[in-house]
>>> print(open('my_file14.cif').read())   # mmCIF, C-alpha atoms
data_target
loop_
_atom_site.label_atom_id
_atom_site.label_comp_id
_atom_site.auth_asym_id
_atom_site.auth_seq_id
_atom_site.Cartn_x
_atom_site.Cartn_y
_atom_site.Cartn_z
CA MET A 861 117.21 -57.68 -13.67
CA LYS A 862 114.19 -59.45 -12.23
CA GLN A 863 116.32 -61.38 -9.80
CA GLU A 864 117.94 -58.10 -8.75
CA THR A 865 114.63 -56.39 -8.01
CA GLU A 866 113.52 -59.29 -5.82
CA HIS A 867 115.92 -58.06 -3.17
CA LEU A 868 114.37 -54.62 -3.07
CA ARG A 869 112.16 -53.54 -0.19
CA PRO A 870 110.32 -50.34 0.69
CA TYR A 871 111.54 -48.14 3.52
CA LEU A 872 109.49 -45.32 4.97
CA ALA A 873 111.92 -42.45 5.40
CA ASP A 874 112.22 -39.09 7.10
CA LEU A 875 115.51 -37.59 5.96
CA HIS A 876 115.31 -34.41 8.06
CA VAL A 877 115.13 -34.79 11.85
CA HIS A 878 116.53 -32.36 14.43
CA THR A 879 117.71 -33.16 17.96
CA VAL A 880 118.12 -31.05 21.10
CA LEU A 881 121.42 -29.88 19.59
CA SER A 882 119.36 -27.55 17.41
CA PRO A 883 118.48 -24.62 19.65
CA CYS A 884 115.03 -24.35 18.08
CA ALA A 885 114.20 -28.03 18.81
CA GLU A 886 111.99 -29.08 21.72
CA VAL A 887 113.54 -30.96 24.65
CA GLU A 888 111.68 -34.12 23.56
CA MET A 889 114.09 -34.47 20.61
CA ILE A 890 116.40 -36.84 22.45
CA PRO A 891 117.62 -40.14 20.96
CA PRO A 892 115.20 -42.59 22.67
CA LEU A 893 112.13 -40.47 21.91
CA ILE A 894 113.19 -39.89 18.30
CA VAL A 895 113.70 -43.65 17.89
CA ARG A 896 110.38 -44.40 19.58
CA ARG A 897 108.50 -42.03 17.30
CA ALA A 898 110.31 -43.44 14.26
CA ARG A 899 109.09 -46.91 15.23
CA GLN A 900 105.54 -45.69 15.79
CA LEU A 901 105.61 -44.30 12.26
CA ALA A 902 107.16 -47.56 10.94
CA LEU A 903 110.08 -45.58 9.58
CA GLY A 904 112.94 -47.67 8.22
CA ILE A 905 115.31 -44.73 7.63
CA ILE A 906 115.78 -41.44 9.42
CA ALA A 907 118.49 -38.86 8.92
CA ILE A 908 119.68 -36.73 11.83
CA THR A 909 120.21 -33.23 10.50
CA ASP A 910 120.94 -30.55 13.06
CA HIS A 911 121.89 -27.01 12.07
CA ASN A 912 125.56 -26.87 11.02
CA SER A 913 126.52 -29.66 13.45
CA ALA A 914 126.44 -33.44 13.80
CA GLU A 915 127.37 -33.83 17.45
CA ASN A 916 124.26 -35.81 18.39
CA VAL A 917 124.28 -38.13 15.37
CA GLY A 918 126.31 -40.85 17.09
CA ALA A 919 123.94 -40.88 20.08
CA VAL A 920 120.88 -41.46 17.89
CA MET A 921 122.71 -44.17 15.92
CA GLU A 922 123.52 -45.89 19.20
CA ALA A 923 119.92 -45.57 20.41
CA ALA A 924 118.76 -47.36 17.26
CA GLU A 925 121.29 -50.20 17.47
CA GLY A 926 119.74 -53.64 17.06
CA LEU A 927 116.51 -52.18 15.68
CA ASP A 928 115.24 -52.29 12.12
CA LEU A 929 115.88 -48.57 11.80
CA ARG A 930 118.74 -47.07 9.81
CA VAL A 931 119.98 -43.73 11.14
CA LEU A 932 121.80 -41.78 8.45
CA PRO A 933 124.37 -39.29 9.70
CA GLY A 934 123.56 -35.87 8.34
CA MET A 935 123.50 -32.13 8.81
CA GLU A 936 121.42 -29.16 7.71
CA VAL A 937 123.96 -26.63 6.50
CA GLN A 938 123.11 -22.95 6.10
CA THR A 939 124.99 -21.50 3.14
CA ARG A 940 126.15 -17.92 2.79
CA GLU A 941 123.01 -17.26 0.69
CA GLU A 942 120.98 -18.32 3.78
CA VAL A 943 119.86 -21.45 1.93
CA HIS A 944 119.42 -24.65 3.92
CA LEU A 945 120.87 -27.81 2.38
CA LEU A 946 120.64 -31.35 3.74
CA CYS A 947 123.91 -33.26 3.70
CA LEU A 948 123.62 -37.03 4.17
CA PHE A 949 126.37 -39.59 4.65
CA ASP A 950 126.72 -43.29 5.46
CA GLY A 951 129.15 -43.21 8.35
CA LEU A 952 129.68 -41.23 11.51
CA GLU A 953 133.30 -40.53 10.61
CA GLU A 954 132.29 -38.99 7.29
CA VAL A 955 129.79 -36.61 8.85
CA LEU A 956 132.28 -35.61 11.53
CA ASP A 957 134.91 -34.90 8.85
CA TRP A 958 132.34 -32.76 7.09
CA GLN A 959 131.48 -31.07 10.38
CA ALA A 960 135.12 -29.94 10.69
CA VAL A 961 134.81 -28.18 7.32
CA VAL A 962 131.51 -26.55 8.33
CA TYR A 963 132.89 -25.41 11.70
CA ALA A 964 135.87 -23.83 9.91
CA HIS A 965 133.38 -21.75 7.90
CA LEU A 966 131.20 -20.59 10.80
CA PRO A 967 131.70 -17.16 12.35
CA PRO A 968 133.41 -17.15 15.77
CA GLU A 969 130.33 -15.94 17.69
CA LYS A 970 128.97 -17.93 20.62
CA ASN A 971 125.39 -19.14 20.96
CA ARG A 972 123.11 -17.01 23.11
CA ALA A 973 121.00 -19.70 24.77
CA ASP A 974 118.65 -17.05 26.19
CA VAL A 975 117.93 -15.76 22.67
CA PHE A 976 118.20 -18.79 20.38
CA GLY A 977 117.78 -21.64 22.85
CA PRO A 978 120.24 -24.11 24.37
CA GLN A 979 122.27 -26.54 22.22
CA PHE A 980 122.49 -29.84 24.10
CA VAL A 981 124.94 -32.61 23.31
CA VAL A 982 123.45 -35.79 24.77
CA ASP A 983 124.16 -39.52 25.00
CA ALA A 984 122.09 -42.38 23.58
CA THR A 985 119.74 -42.29 26.57
CA GLY A 986 119.22 -38.55 26.23
CA GLU A 987 121.38 -37.70 29.25
CA PHE A 988 123.05 -34.29 29.12
CA ILE A 989 126.76 -34.37 28.28
CA ARG A 990 127.55 -30.70 27.58
CA TYR A 991 126.44 -27.59 25.75
CA ASN A 992 127.68 -26.83 22.27
CA ASP A 993 128.48 -23.14 22.62
CA ARG A 994 129.06 -22.31 18.94
CA LEU A 995 126.53 -20.09 17.23
CA LEU A 996 124.98 -22.82 15.05
CA VAL A 997 121.91 -21.07 13.66
CA THR A 998 123.72 -18.77 11.29
CA SER A 999 125.18 -18.84 7.81
CA THR A 1000 128.47 -20.49 7.01
CA SER A 1001 130.69 -18.72 4.48
CA LEU A 1002 130.22 -21.68 2.09
CA SER A 1003 128.18 -21.13 -1.06
CA VAL A 1004 125.40 -23.43 -2.26
CA GLU A 1005 127.83 -24.71 -4.91
CA ASP A 1006 130.64 -25.25 -2.37
CA VAL A 1007 128.41 -27.40 -0.17
CA ALA A 1008 126.87 -29.48 -2.95
CA ARG A 1009 130.23 -30.18 -4.60
CA GLU A 1010 132.08 -30.95 -1.36
CA VAL A 1011 129.36 -33.31 -0.17
CA GLU A 1012 129.24 -35.09 -3.52
CA GLU A 1013 133.04 -35.48 -3.53
CA ARG A 1014 132.82 -37.01 -0.07
CA GLY A 1015 130.33 -39.58 -1.36
CA GLY A 1016 127.37 -37.96 0.37
CA LEU A 1017 124.02 -36.67 -0.83
CA CYS A 1018 123.10 -32.99 -0.92
CA LEU A 1019 119.41 -32.04 -1.07
CA GLY A 1020 117.76 -28.64 -1.22
CA ALA A 1021 115.89 -28.42 2.09
CA HIS A 1022 112.17 -27.50 2.32
CA VAL A 1023 112.17 -25.82 -1.10
CA ASP A 1024 108.52 -24.78 -0.70
CA ARG A 1025 109.29 -22.68 2.39
CA PRO A 1026 109.28 -18.88 2.03
CA SER A 1027 112.66 -18.54 3.72
CA PHE A 1028 115.97 -20.43 3.96
CA SER A 1029 115.22 -22.28 0.73
CA LEU A 1030 116.68 -22.44 -2.77
CA LEU A 1031 113.48 -21.20 -4.39
CA ALA A 1032 112.86 -18.36 -1.94
CA ASN A 1033 116.39 -17.07 -1.57
CA LEU A 1034 117.78 -17.73 -5.03
CA GLY A 1035 114.54 -17.59 -7.03
CA PHE A 1036 115.19 -20.90 -8.76
CA VAL A 1037 117.42 -23.96 -8.42
CA PRO A 1038 120.79 -22.96 -9.92
CA GLU A 1039 121.86 -25.07 -12.89
CA GLY A 1040 124.79 -27.45 -12.94
CA VAL A 1041 124.95 -28.03 -9.18
CA PRO A 1042 125.08 -31.68 -8.03
CA PHE A 1043 121.96 -31.82 -5.89
CA ALA A 1044 120.74 -35.38 -5.34
CA ALA A 1045 117.08 -34.38 -4.82
CA MET A 1046 114.79 -31.69 -3.47
CA GLU A 1047 112.93 -31.83 -0.18
CA ILE A 1048 109.40 -30.54 0.33
CA THR A 1049 107.47 -30.06 3.57
CA PRO A 1050 104.35 -32.11 4.40
CA TYR A 1051 102.32 -28.96 3.63
CA ALA A 1052 103.52 -28.62 0.04
CA ASN A 1053 101.44 -29.48 -2.99
CA ALA A 1054 104.12 -31.17 -5.07
CA ASP A 1055 102.24 -30.93 -8.38
CA ASP A 1056 101.57 -27.21 -8.01
CA LEU A 1057 105.12 -26.55 -6.90
CA VAL A 1058 106.67 -28.31 -9.89
CA ARG A 1059 104.24 -26.54 -12.22
CA GLN A 1060 105.22 -23.15 -10.80
CA HIS A 1061 108.96 -23.78 -10.66
CA SER A 1062 110.39 -25.25 -13.83
CA SER A 1063 113.85 -25.39 -12.22
CA LEU A 1064 112.59 -28.35 -10.13
CA ALA A 1065 112.12 -30.44 -13.27
CA GLY A 1066 114.22 -33.57 -13.26
CA TYR A 1067 114.73 -33.66 -9.50
CA ALA A 1068 113.32 -36.42 -7.34
CA LEU A 1069 111.24 -35.07 -4.47
CA VAL A 1070 111.26 -36.30 -0.89
CA CYS A 1071 108.95 -35.12 1.85
CA SER A 1072 110.35 -34.75 5.36
CA GLY A 1073 109.07 -33.56 8.68
CA ASP A 1074 111.93 -31.15 9.53
CA ALA A 1075 110.87 -32.23 13.00
CA HIS A 1076 111.68 -30.05 15.99
CA HIS A 1077 109.24 -32.14 18.05
CA PRO A 1078 108.62 -35.91 17.72
CA SER A 1079 105.02 -35.28 16.60
CA GLU A 1080 106.37 -33.50 13.51
CA MET A 1081 108.24 -36.53 12.17
CA SER A 1082 106.89 -37.71 8.84
CA ASN A 1083 106.45 -41.03 7.03
CA LYS A 1084 105.32 -39.74 3.65
CA THR A 1085 108.41 -40.77 1.69
CA ILE A 1086 108.82 -44.35 0.49
CA LEU A 1087 112.25 -45.37 -0.73
CA THR A 1088 112.49 -48.74 -2.48
CA LEU A 1089 116.05 -49.97 -2.02
CA LYS A 1090 118.21 -53.04 -1.72
CA GLU A 1091 119.72 -51.66 1.46
CA PRO A 1092 119.50 -48.35 3.32
CA THR A 1093 122.67 -46.65 2.07
CA THR A 1094 123.25 -43.29 0.41
CA ALA A 1095 124.36 -45.05 -2.79
CA GLU A 1096 121.05 -46.94 -2.95
CA ILE A 1097 119.10 -43.79 -2.14
CA LEU A 1098 120.85 -41.98 -5.00
CA LEU A 1099 119.79 -44.83 -7.33
CA ALA A 1100 116.23 -44.35 -6.06
CA PHE A 1101 116.41 -40.60 -6.73
CA ARG A 1102 117.50 -41.44 -10.29
CA HIS A 1103 114.95 -44.26 -10.64
CA GLN A 1104 117.67 -46.72 -11.60
CA GLY A 1105 117.87 -50.49 -11.17
CA GLY A 1106 114.30 -50.74 -9.90
CA ARG A 1107 115.03 -48.39 -6.97
CA ARG A 1108 112.49 -45.64 -6.60
CA VAL A 1109 111.20 -42.85 -4.41
CA LYS A 1110 107.60 -41.89 -3.90
CA VAL A 1111 105.89 -39.26 -1.78
CA VAL A 1112 102.48 -40.32 -0.51
CA ASP A 1113 99.81 -38.74 1.68
CA ASP A 1114 99.32 -41.86 3.77
CA PRO A 1115 101.85 -44.70 3.54
CA HIS A 1116 99.31 -47.21 4.80
CA GLN A 1117 96.94 -46.52 1.88
CA THR A 1118 99.36 -47.65 -0.83
CA MET B 562 118.58 9.85 -14.42
CA THR B 563 120.88 7.30 -16.05
CA ILE B 564 122.48 4.49 -14.08
CA GLY B 565 125.86 5.93 -15.13
CA GLU B 566 125.10 9.22 -13.38
CA ILE B 567 124.02 7.31 -10.28
CA ALA B 568 127.20 5.19 -10.35
CA ASN B 569 129.23 8.39 -10.51
CA LYS B 570 127.41 10.21 -7.72
CA LEU B 571 127.49 7.22 -5.34
CA SER B 572 131.07 6.21 -6.28
CA LEU B 573 129.97 2.71 -7.31
CA SER B 574 132.49 0.55 -9.14
CA VAL B 575 131.44 -0.83 -12.48
CA GLN B 576 132.11 -4.59 -12.61
CA THR B 577 130.38 -5.59 -15.85
CA ALA B 578 128.54 -4.40 -18.95
CA SER B 579 129.83 -0.81 -18.92
CA ASP B 580 128.03 -0.32 -22.25
CA ARG B 581 124.77 -0.27 -20.25
CA LEU B 582 125.54 2.86 -18.26
CA GLN B 583 123.22 5.01 -20.40
CA THR B 584 120.11 3.12 -19.24
CA GLU B 585 117.44 5.39 -17.71
CA VAL B 586 116.50 4.25 -14.20
CA THR B 587 112.75 3.82 -13.64
CA GLY B 588 112.84 3.22 -9.88
CA GLY B 589 114.50 1.13 -7.20
CA TYR B 590 113.95 -2.09 -5.28
CA ALA B 591 115.96 -3.67 -2.45
CA SER B 592 115.79 -7.29 -1.24
CA ASP B 593 118.10 -10.25 -0.76
CA MET B 594 115.32 -12.74 -1.50
CA LEU B 595 115.51 -13.38 -5.22
CA SER B 596 112.00 -14.81 -5.29
CA ARG B 597 110.69 -11.44 -4.03
CA VAL B 598 112.77 -9.53 -6.56
CA MET B 599 111.31 -11.67 -9.35
CA ALA B 600 107.82 -10.86 -8.08
CA LYS B 601 108.28 -7.13 -7.42
CA ALA B 602 111.07 -5.39 -9.36
CA LYS B 603 110.21 -3.74 -12.67
CA GLU B 604 112.03 -3.13 -15.93
CA GLY B 605 114.61 -0.37 -15.65
CA ASN B 606 114.79 -0.60 -11.84
CA VAL B 607 118.03 -0.50 -9.95
CA TRP B 608 118.19 -3.45 -7.53
CA VAL B 609 120.17 -3.17 -4.29
CA THR B 610 121.23 -6.42 -2.59
CA LEU B 611 124.09 -8.15 -0.86
CA GLN B 612 123.39 -11.46 -2.59
CA PHE B 613 126.11 -12.17 -5.11
CA HIS B 614 125.20 -15.70 -6.17
CA MET B 615 125.18 -16.24 -9.93
CA ASN B 616 121.37 -16.38 -9.95
CA ILE B 617 121.30 -12.56 -9.54
CA VAL B 618 122.36 -12.28 -13.21
CA ALA B 619 119.46 -14.37 -14.49
CA VAL B 620 116.99 -12.42 -12.35
CA ALA B 621 118.28 -9.05 -13.61
CA ALA B 622 118.30 -10.27 -17.23
CA LEU B 623 114.79 -11.70 -16.93
CA LEU B 624 113.37 -8.44 -15.55
CA GLN B 625 115.60 -6.19 -17.69
CA LEU B 626 116.77 -4.27 -14.66
CA ALA B 627 118.99 -1.23 -15.17
CA ALA B 628 121.62 -2.58 -12.77
CA ILE B 629 122.37 -4.61 -9.66
CA ILE B 630 124.14 -2.76 -6.86
CA VAL B 631 125.93 -5.36 -4.72
CA THR B 632 126.61 -3.91 -1.27
CA GLU B 633 128.89 -4.43 1.75
CA GLY B 634 131.93 -5.18 -0.39
CA MET B 635 130.59 -8.54 -1.54
CA SER B 636 132.34 -9.56 -4.73
CA PRO B 637 130.70 -11.82 -7.32
CA ASP B 638 133.05 -14.51 -8.64
CA ALA B 639 134.56 -14.59 -12.13
CA ALA B 640 131.92 -16.96 -13.52
CA THR B 641 129.16 -14.62 -12.35
CA LEU B 642 130.89 -11.58 -13.86
CA ASP B 643 131.41 -13.47 -17.15
CA LYS B 644 127.77 -14.40 -17.29
CA ALA B 645 126.73 -10.82 -16.54
CA ASN B 646 128.90 -9.52 -19.38
CA LYS B 647 127.42 -12.09 -21.74
CA GLU B 648 123.86 -11.25 -20.71
CA GLY B 649 124.48 -7.50 -20.71
CA VAL B 650 123.72 -7.18 -16.99
CA LEU B 651 125.35 -4.20 -15.30
CA ILE B 652 126.77 -5.04 -11.88
CA LEU B 653 127.94 -2.22 -9.61
CA THR B 654 129.62 -2.79 -6.25
CA THR B 655 130.11 -0.70 -3.14
CA PRO B 656 131.56 -1.21 0.33
CA GLN B 657 128.53 0.59 1.79
CA THR B 658 125.46 -1.11 3.24
CA THR B 659 122.12 -1.53 1.48
CA PHE B 660 120.55 0.93 3.96
CA THR B 661 123.04 3.66 3.11
CA ILE B 662 122.80 3.13 -0.65
CA VAL B 663 118.99 3.15 -0.63
CA GLY B 664 119.09 6.41 1.37
CA GLN B 665 121.42 7.97 -1.18
CA LEU B 666 119.27 6.77 -4.09
CA THR B 667 116.23 8.33 -2.42
CA GLU B 668 118.10 11.63 -2.07
CA LEU B 669 118.82 11.50 -5.80
CA GLY B 670 115.09 11.23 -6.40
CA ILE B 671 114.93 7.52 -7.28
CA GLU B 672 111.61 6.20 -6.03
CA GLY B 673 110.96 2.76 -4.68
CA THR B 674 108.88 0.36 -6.77
CA GLU B 675 105.78 -0.66 -4.81
#
>>> encode(input="my_file14.cif", output="structure tokens")
Amino acid sequence: MKQETEHLRPYLADLHVHTVLSPCAEVEMIPPLIVRRARQLALGIIAITDHNSAENVGAVMEAAEGLDLRVLPGMEVQTREEVHLLCLFDGLEEVLDWQAVVYAHLPPEKNRADVFGPQFVVDATGEFIRYNDRLLVTSTSLSVEDVAREVEERGGLCLGAHVDRPSFSLLANLGFVPEGVPFAAMEITPYANADDLVRQHSSLAGYALVCSGDAHHPSEMSNKTILTLKEPTTAEILLAFRHQGGRRVKVVDDPHQT
Amino acid sequence: MTIGEIANKLSLSVQTASDRLQTEVTGGYASDMLSRVMAKAKEGNVWVTLQFHMNIVAVAALLQLAAIIVTEGMSPDAATLDKANKEGVLILTTPQTTFTIVGQLTELGIEGTE
């Protein structure tokens, strides 16, 4: 066991980062600027999680190639209960397979860029490729249970997003975390008081917490979550969420003070 | 007024716990945010919502609500209906919208819980 833990290292992580594909994101959320900010924050892992789409994930992965920064392919899915769930995978192909399922459960409406904002698909340098004209900021017809189970079956991780937020969250919309659903962990915002939250919501008991920026601008990216892993994969992160094999997860106020 | 009389007058379909139709209704509350319902709705209230996730049963049982009216033709799944029957939670459904149902409840003299 000791020998095993010698190969573990800490990674600062932000598992919830938007790009210019999210209509509510600022134009600065292009791959090179996301990667630059991640490096400024000494992040070792970021997850790209746009609303109901993963079309910019590959570009950010490419922008981080050769750097000591793991970009996890992900998505922030909005369920039919208007709950936001983070879905994280290891490979681009897996997230794009999942995207096909999500797209099949979106309504046929088009995005209104003048109302919601434009949805840019870009390359690794941030150059414009095309607009995504689906209405992405809306609910899919998938339930919370559908999403969590599908993602788990596909080998991914499903987390309740920003559970301390008064909207689009498990606690706000459904009152409490439903039992028997395979969530890997729960995400809180940098503004949450984790101790108070867990005291007030007994349904959070037993879940690992991560803190993410939910960044719509580079300045909102966060480095408050430390994952101690052998390598930056979803399987290792799940071990950390379960505090197994020496892997662990910790939310801190200032990563440089620990 | 009992919830059974209301169900009759508004042509609501009884999905679960039909033995609870005699419950006297103390008022009404409408929201799709279960956290708000938990904070606001009172015992004996009728709750109008289009949420049909299983958590609605636990919320209604916890607060001892008279019934949940699920609107817009949303249909809770079998597991939710089973749980509601076990917990004695009356679920009524309607194709009409929350707005329409709340208007009709108001006409019947059911007052909103503030």
>>> resolve_selection(input="my_file14.cif", expression="the PyMOL selection byres ((chain A) within 9 of (chain B))", output="PyMOL selection string")
chain A and resi 940-941+1003-1004+1026-1027+1031-1038
>>> residues_around(input="my_file14.cif", residues="segment 573-579 of chain B", least_positions_apart="3", cutoff="9 Å", atoms="only C-alpha atoms", output="compact mmCIF listing (two decimals) with C-alpha atoms, in the frame of the given file")
# COMPACT_ATOMS: atom_id res chain seq x y z
CA GLY B 565 125.86 5.93 -15.13
CA ILE B 567 124.02 7.31 -10.28
CA ALA B 568 127.20 5.19 -10.35
CA ASN B 569 129.23 8.39 -10.51
CA LYS B 570 127.41 10.21 -7.72
CA LEU B 582 125.54 2.86 -18.26
CA GLN B 583 123.22 5.01 -20.40
CA ILE B 630 124.14 -2.76 -6.86
CA LEU B 642 130.89 -11.58 -13.86
CA ASP B 643 131.41 -13.47 -17.15
CA ALA B 645 126.73 -10.82 -16.54
CA ASN B 646 128.90 -9.52 -19.38
CA LYS B 647 127.42 -12.09 -21.74
CA GLU B 648 123.86 -11.25 -20.71
CA GLY B 649 124.48 -7.50 -20.71
CA VAL B 650 123.72 -7.18 -16.99
CA LEU B 651 125.35 -4.20 -15.30
CA ILE B 652 126.77 -5.04 -11.88
CA LEU B 653 127.94 -2.22 -9.61
CA THR B 654 129.62 -2.79 -6.25
CA THR B 655 130.11 -0.70 -3.14
CA PRO B 656 131.56 -1.21 0.33
>>> residues_around(input="my_file14.cif", residues="Leu956 of chain A", least_positions_apart="5", cutoff="12 Å", atoms="all atoms listed in the file", output="PDB file with C-alpha atoms, in the frame of the given file")
ATOM      1  CA  ASN A 912     125.560 -26.870  11.020  1.00  0.00           C
ATOM      2  CA  SER A 913     126.520 -29.660  13.450  1.00  0.00           C
ATOM      3  CA  ALA A 914     126.440 -33.440  13.800  1.00  0.00           C
ATOM      4  CA  GLU A 915     127.370 -33.830  17.450  1.00  0.00           C
ATOM      5  CA  ASN A 916     124.260 -35.810  18.390  1.00  0.00           C
ATOM      6  CA  VAL A 917     124.280 -38.130  15.370  1.00  0.00           C
ATOM      7  CA  GLY A 918     126.310 -40.850  17.090  1.00  0.00           C
ATOM      8  CA  PRO A 933     124.370 -39.290   9.700  1.00  0.00           C
ATOM      9  CA  GLY A 934     123.560 -35.870   8.340  1.00  0.00           C
ATOM     10  CA  MET A 935     123.500 -32.130   8.810  1.00  0.00           C
ATOM     11  CA  CYS A 947     123.910 -33.260   3.700  1.00  0.00           C
ATOM     12  CA  LEU A 948     123.620 -37.030   4.170  1.00  0.00           C
ATOM     13  CA  PHE A 949     126.370 -39.590   4.650  1.00  0.00           C
ATOM     14  CA  ASP A 950     126.720 -43.290   5.460  1.00  0.00           C
ATOM     15  CA  GLY A 951     129.150 -43.210   8.350  1.00  0.00           C
ATOM     16  CA  VAL A 961     134.810 -28.180   7.320  1.00  0.00           C
ATOM     17  CA  VAL A 962     131.510 -26.550   8.330  1.00  0.00           C
ATOM     18  CA  TYR A 963     132.890 -25.410  11.700  1.00  0.00           C
ATOM     19  CA  ARG A1014     132.820 -37.010  -0.070  1.00  0.00           C
TER      20      ARG A1014
END
>>> resolve_selection(input="my_file14.cif", expression="the PyMOL selection byres ((chain A and resi 897-903) around 8)", output="list in words")
Tyr871, Leu872, Ala873, Asp874, Leu893, Ile894, Val895, Arg896, Gly904, Ile905, Ile906, Leu929, Pro1078, Ser1079, Met1081, Ser1082 and Asn1083 of chain A
>>> atom_distance(input="my_file14.cif", atom1="atom CA of Asp1055 of chain A", atom2="atom CA of His911 of chain A")
28.6 Å
>>> residues_around(input="my_file14.cif", residues="Thr667 of chain B", least_positions_apart="5", cutoff="10 Å", atoms="all atoms listed in the file", output="list in words")
Gly588, Gly589, Thr661, Ile662, Glu672 and Gly673 of chain B
>>> atom_distance(input="my_file14.cif", atom1="atom CA of Ile989 of chain A", atom2="atom CA of Leu875 of chain A")
25.2 Å
>>> atom_distance(input="my_file14.cif", atom1="atom CA of Ser1001 of chain A", atom2="atom CA of Leu966 of chain A")
6.6 Å
>>> residues_around(input="my_file14.cif", residues="Ile1086 of chain A", least_positions_apart="4", cutoff="9 Å", atoms="only C-alpha atoms", output="PyMOL selection string")
chain A and resi 870-873+1070+1108-1112+1115
>>> closest_residue(input="my_file14.cif", among="A:Leu927, A:Leu868, A:Leu952, A:Val1058", to="Ile1097 of chain A", atoms="all atoms listed in the file")
A:Leu868
>>> residues_around(input="my_file14.cif", residues="His867 of chain A", least_positions_apart="6", cutoff="9 Å", atoms="only C-alpha atoms", output="list of chain:residue names")
A:Leu1089, A:Lys1090, A:Glu1091
>>> write_last_selection(input="my_file14.cif", atoms="C-alpha atoms", output="PDB file, keeping the file's coordinate frame")
ATOM      1  CA  LEU A1089     116.050 -49.970  -2.020  1.00  0.00           C
ATOM      2  CA  LYS A1090     118.210 -53.040  -1.720  1.00  0.00           C
ATOM      3  CA  GLU A1091     119.720 -51.660   1.460  1.00  0.00           C
TER       4      GLU A1091
END
>>> resolve_selection(input="my_file14.cif", expression="the PyMOL selection byres ((chain A and resi 1009) around 12)", output="VMD selection string")
chain A and resid 945 947 1002 to 1008 1010 to 1019 1040 to 1044
>>> closest_residue(input="my_file14.cif", among="B:Met562, B:Ala628, B:Val618, B:Met635", to="Gln657 of chain B", atoms="all atoms listed in the file")
B:Met635
>>> build_atoms(input="my_file14.cif", residues="segment 982-996 of chain A", atoms="N, CA and C atoms", output="short mmCIF file (atom, residue, chain, number, x, y, z; two decimals), in the frame of the given file")
data_model
loop_
_atom_site.label_atom_id
_atom_site.label_comp_id
_atom_site.auth_asym_id
_atom_site.auth_seq_id
_atom_site.Cartn_x
_atom_site.Cartn_y
_atom_site.Cartn_z
N VAL A 982 123.97 -34.77 23.85
CA VAL A 982 123.45 -35.79 24.77
C VAL A 982 123.98 -37.17 24.41
N ASP A 983 123.77 -38.14 25.31
CA ASP A 983 124.16 -39.52 25.00
C ASP A 983 122.95 -40.29 24.45
N ALA A 984 123.13 -41.58 24.22
CA ALA A 984 122.09 -42.38 23.58
C ALA A 984 120.81 -42.46 24.41
N THR A 985 120.94 -42.25 25.72
CA THR A 985 119.74 -42.29 26.57
C THR A 985 119.10 -40.92 26.70
N GLY A 986 119.76 -39.90 26.14
CA GLY A 986 119.22 -38.55 26.23
C GLY A 986 119.81 -37.76 27.39
N GLU A 987 120.74 -38.40 28.13
CA GLU A 987 121.38 -37.70 29.25
C GLU A 987 122.27 -36.57 28.74
N PHE A 988 122.24 -35.46 29.45
CA PHE A 988 123.05 -34.29 29.12
C PHE A 988 124.54 -34.60 29.23
N ILE A 989 125.30 -34.26 28.21
CA ILE A 989 126.76 -34.37 28.28
C ILE A 989 127.37 -32.98 28.44
N ARG A 990 127.03 -32.07 27.52
CA ARG A 990 127.55 -30.70 27.58
C ARG A 990 126.75 -29.83 26.63
N TYR A 991 127.00 -28.53 26.72
CA TYR A 991 126.44 -27.59 25.75
C TYR A 991 127.41 -27.43 24.59
N ASN A 992 126.88 -27.30 23.40
CA ASN A 992 127.68 -26.83 22.27
C ASN A 992 127.53 -25.31 22.27
N ASP A 993 128.63 -24.59 22.46
CA ASP A 993 128.48 -23.14 22.62
C ASP A 993 128.79 -22.35 21.34
N ARG A 994 128.94 -23.04 20.21
CA ARG A 994 129.06 -22.31 18.94
C ARG A 994 127.71 -21.71 18.56
N LEU A 995 127.76 -20.61 17.81
CA LEU A 995 126.53 -20.09 17.23
C LEU A 995 126.24 -20.95 15.99
N LEU A 996 125.25 -21.86 16.15
CA LEU A 996 124.98 -22.82 15.05
C LEU A 996 123.92 -22.31 14.08
#
